[in-house]
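Asks: Quick one: the structure is below, and I'll ask about it shortly.
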Amino acid sequence: MVQLRYFASLREQLGTGEEQVELPPNVTDITGLTRWLQTREEPWKSALADSRLHVAINQEIVKPDAAVTDGDEVAWFPPVTGG
């Protein structure tokens, strides 16, 4: 199982702040996980399509090719805005 967390506007768009999922065998990195989640259609497809989203694995910011393994916590959050 992987713990998924969604923060700020993503949480609002998706209607949930967290969930647990079993990784499909072909999902091995952040890009694959994101694409797999987007197959859920809307709102997942558009919410996770923003290339400016930050992703963290076990509370460390990672790049899209970072490996995801069973037991990880993966979090998506939008870029910080100022004002």
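Residues in the structure tokens are named by chain (A, B, ... in the order shown) and by number from 1 within that chain; ligands are numbered from 1 in the order shown.
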Could you pull the residues within 9 Å of A:Arg35, counting only C-alpha atoms, minus those fewer than 6 positions along the same chain, as an NGL selection string?

Replies: :A and (45 or 48-49)

Asks: Could you write out that same residue set with all heavy atoms as a compact mmCIF listing (two decimals), in the first residue's frame?

Replies:
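Printed below is result_15.txt as written:
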```txt
# COMPACT_ATOMS: atom_id res chain seq x y z
N LYS A 45 -7.92 13.73 -13.66
CA LYS A 45 -7.19 13.98 -14.90
C LYS A 45 -6.68 15.42 -14.97
O LYS A 45 -5.51 15.65 -15.23
CB LYS A 45 -8.09 13.67 -16.10
CG LYS A 45 -7.37 13.71 -17.41
CD LYS A 45 -8.27 13.24 -18.53
CE LYS A 45 -7.52 13.23 -19.84
NZ LYS A 45 -8.35 12.71 -20.93
N LEU A 48 -4.25 16.69 -11.65
CA LEU A 48 -2.87 16.22 -11.61
C LEU A 48 -2.10 16.53 -12.89
O LEU A 48 -0.94 16.13 -13.04
CB LEU A 48 -2.83 14.72 -11.31
CG LEU A 48 -3.39 14.33 -9.94
CD1 LEU A 48 -3.39 12.82 -9.77
CD2 LEU A 48 -2.63 15.00 -8.81
N ALA A 49 -2.72 17.25 -13.83
CA ALA A 49 -2.08 17.57 -15.10
C ALA A 49 -1.16 18.78 -15.03
O ALA A 49 -0.35 18.99 -15.92
CB ALA A 49 -3.14 17.80 -16.17
```

Asks: Report the residues of chain A whose backbone DSSP state falls under strand (DSSP E), written as a list in words.

Replies: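 Assigned to strand (DSSP E), within chain A: Val2, Gln3, Leu4, Arg5, Tyr6, Glu18, Glu19, Gln20, Val21, His54, Val55, Ala56, Ile57, Glu60, Ile61, Val62, Glu73, Val74, Ala75, Trp76 and Phe77 of chain A.
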
Asks: From the options A:Leu14, A:Val2, A:Val62, A:Ala8, which residue's atoms come nearest to A:Gln38, counting only C-alpha atoms?

Replies: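 Closest to A:Gln38 of all the choices is A:Leu14.
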
Asks: So which residues touch A:Pro25 within 12 Å, counting only C-alpha atoms, skipping near sequence neighbours fewer than 6 positions away, as a list in words?

Replies: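 Counting only the stated atoms, we get Met1, Gly32, Leu33, Trp36, Val68, Thr69 and Asp70 of chain A.
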
Asks: Write the selection just made, keeping N, CA, C and O atoms, as a short mmCIF file (atom, residue, chain, number, x, y, z; two decimals), in the first residue's frame?

Replies:
```
data_model
loop_
_atom_site.label_atom_id
_atom_site.label_comp_id
_atom_site.auth_asym_id
_atom_site.auth_seq_id
_atom_site.Cartn_x
_atom_site.Cartn_y
_atom_site.Cartn_z
N MET A 1 0.84 -1.19 0.00
CA MET A 1 0.00 0.00 0.00
C MET A 1 0.87 1.24 0.00
O MET A 1 1.93 1.26 0.62
N GLY A 32 4.52 7.45 -13.53
CA GLY A 32 3.58 6.35 -13.72
C GLY A 32 2.42 6.41 -12.76
O GLY A 32 1.27 6.13 -13.13
N LEU A 33 2.69 6.77 -11.51
CA LEU A 33 1.63 6.87 -10.51
C LEU A 33 0.66 7.98 -10.88
O LEU A 33 -0.56 7.80 -10.81
N TRP A 36 -1.45 6.90 -13.82
CA TRP A 36 -2.42 5.90 -13.40
C TRP A 36 -3.60 6.57 -12.67
O TRP A 36 -4.76 6.25 -12.93
N VAL A 68 8.75 4.86 -6.70
CA VAL A 68 7.71 4.72 -5.68
C VAL A 68 7.63 3.24 -5.31
O VAL A 68 7.56 2.38 -6.19
N THR A 69 7.66 2.96 -4.01
CA THR A 69 7.59 1.57 -3.57
C THR A 69 6.55 1.41 -2.47
O THR A 69 6.13 2.39 -1.85
N ASP A 70 6.18 0.18 -2.25
CA ASP A 70 5.20 -0.14 -1.23
C ASP A 70 5.63 0.45 0.11
O ASP A 70 6.80 0.38 0.48
#
```

Asks: Return the single residue from A:Leu4, A:Leu10, A:Ile30, A:Ala56 that is closest to A:Pro43, with distances computed using only C-alpha atoms.

Replies: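 With only C-alpha atoms as the atom set, the closest residue is A:Leu10.
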
Asks: Any idea what's packed within 8 Å of A:Pro78, counting only C-alpha atoms, ignoring anything in its chain fewer than 2 positions away? Could you give it as a list of chain:residue names?

Replies: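 The residues that qualify are A:Phe7, A:Ala8, A:Ser9, A:Leu10, A:Arg52, A:Leu53, A:His54, A:Trp76, A:Val80.
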
Asks: Filtering to N, CA and C atoms, could you give me those residues as a PDB file, in the first residue's frame?

Replies:
```pdb
ATOM      1  N   PHE A   7      -2.732  18.261  -1.108  1.00  0.00           N
ATOM      2  CA  PHE A   7      -2.777  19.459  -0.296  1.00  0.00           C
ATOM      3  C   PHE A   7      -3.371  20.652  -1.031  1.00  0.00           C
ATOM      4  N   ALA A   8      -3.856  21.603  -0.230  1.00  0.00           N
ATOM      5  CA  ALA A   8      -4.355  22.911  -0.685  1.00  0.00           C
ATOM      6  C   ALA A   8      -5.441  22.751  -1.748  1.00  0.00           C
ATOM      7  N   SER A   9      -5.289  23.434  -2.873  1.00  0.00           N
ATOM      8  CA  SER A   9      -6.340  23.429  -3.896  1.00  0.00           C
ATOM      9  C   SER A   9      -6.565  22.036  -4.474  1.00  0.00           C
ATOM     10  N   LEU A  10      -5.551  21.185  -4.465  1.00  0.00           N
ATOM     11  CA  LEU A  10      -5.743  19.809  -4.948  1.00  0.00           C
ATOM     12  C   LEU A  10      -6.743  19.065  -4.079  1.00  0.00           C
ATOM     13  N   ARG A  52       3.353  22.225 -12.841  1.00  0.00           N
ATOM     14  CA  ARG A  52       3.978  22.988 -11.750  1.00  0.00           C
ATOM     15  C   ARG A  52       3.800  22.326 -10.388  1.00  0.00           C
ATOM     16  N   LEU A  53       3.019  21.251 -10.313  1.00  0.00           N
ATOM     17  CA  LEU A  53       2.802  20.569  -9.033  1.00  0.00           C
ATOM     18  C   LEU A  53       4.125  20.052  -8.476  1.00  0.00           C
ATOM     19  N   HIS A  54       4.238  20.130  -7.171  1.00  0.00           N
ATOM     20  CA  HIS A  54       5.378  19.541  -6.477  1.00  0.00           C
ATOM     21  C   HIS A  54       4.942  18.181  -5.950  1.00  0.00           C
ATOM     22  N   TRP A  76       1.196  15.390  -3.170  1.00  0.00           N
ATOM     23  CA  TRP A  76       1.177  16.377  -4.252  1.00  0.00           C
ATOM     24  C   TRP A  76       0.707  17.695  -3.656  1.00  0.00           C
ATOM     25  N   VAL A  80       3.830  27.239  -4.302  1.00  0.00           N
ATOM     26  CA  VAL A  80       3.501  28.293  -3.348  1.00  0.00           C
ATOM     27  C   VAL A  80       3.337  29.600  -4.111  1.00  0.00           C
TER      28      VAL A  80
END
```

Asks: Using DSSP on the backbone coordinates, identify all residues within stretch 9-73 of chain A classified as helix (DSSP H, G or I); present the result as a ChimeraX atom specification.

Replies: /A:9-14,30-38,44-47

Asks: Would you compute the distance between atom CA of A:Ile61 and atom CA of A:Gln3? Give it in Å to one decimal.

Replies: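 One can read the atom CA of A:Ile61 to atom CA of A:Gln3 distance as 15.6 Å.
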
Asks: For A:Ile57, please output as a list in words all residues within 7 Å (counting only C-alpha atoms; exclusion window: fewer than 2 positions along the same chain).

Replies: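 That gives Val55, Gln59, Glu60, Ile61, Val62, Asp72, Glu73, Val74 and Ala75 of chain A.
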
Asks: Which residue, A:Asp29, A:Glu41, A:Asp50, A:Glu19, has the smallest gap to A:Phe77 when you use only C-alpha atoms?

Replies: A:Asp50
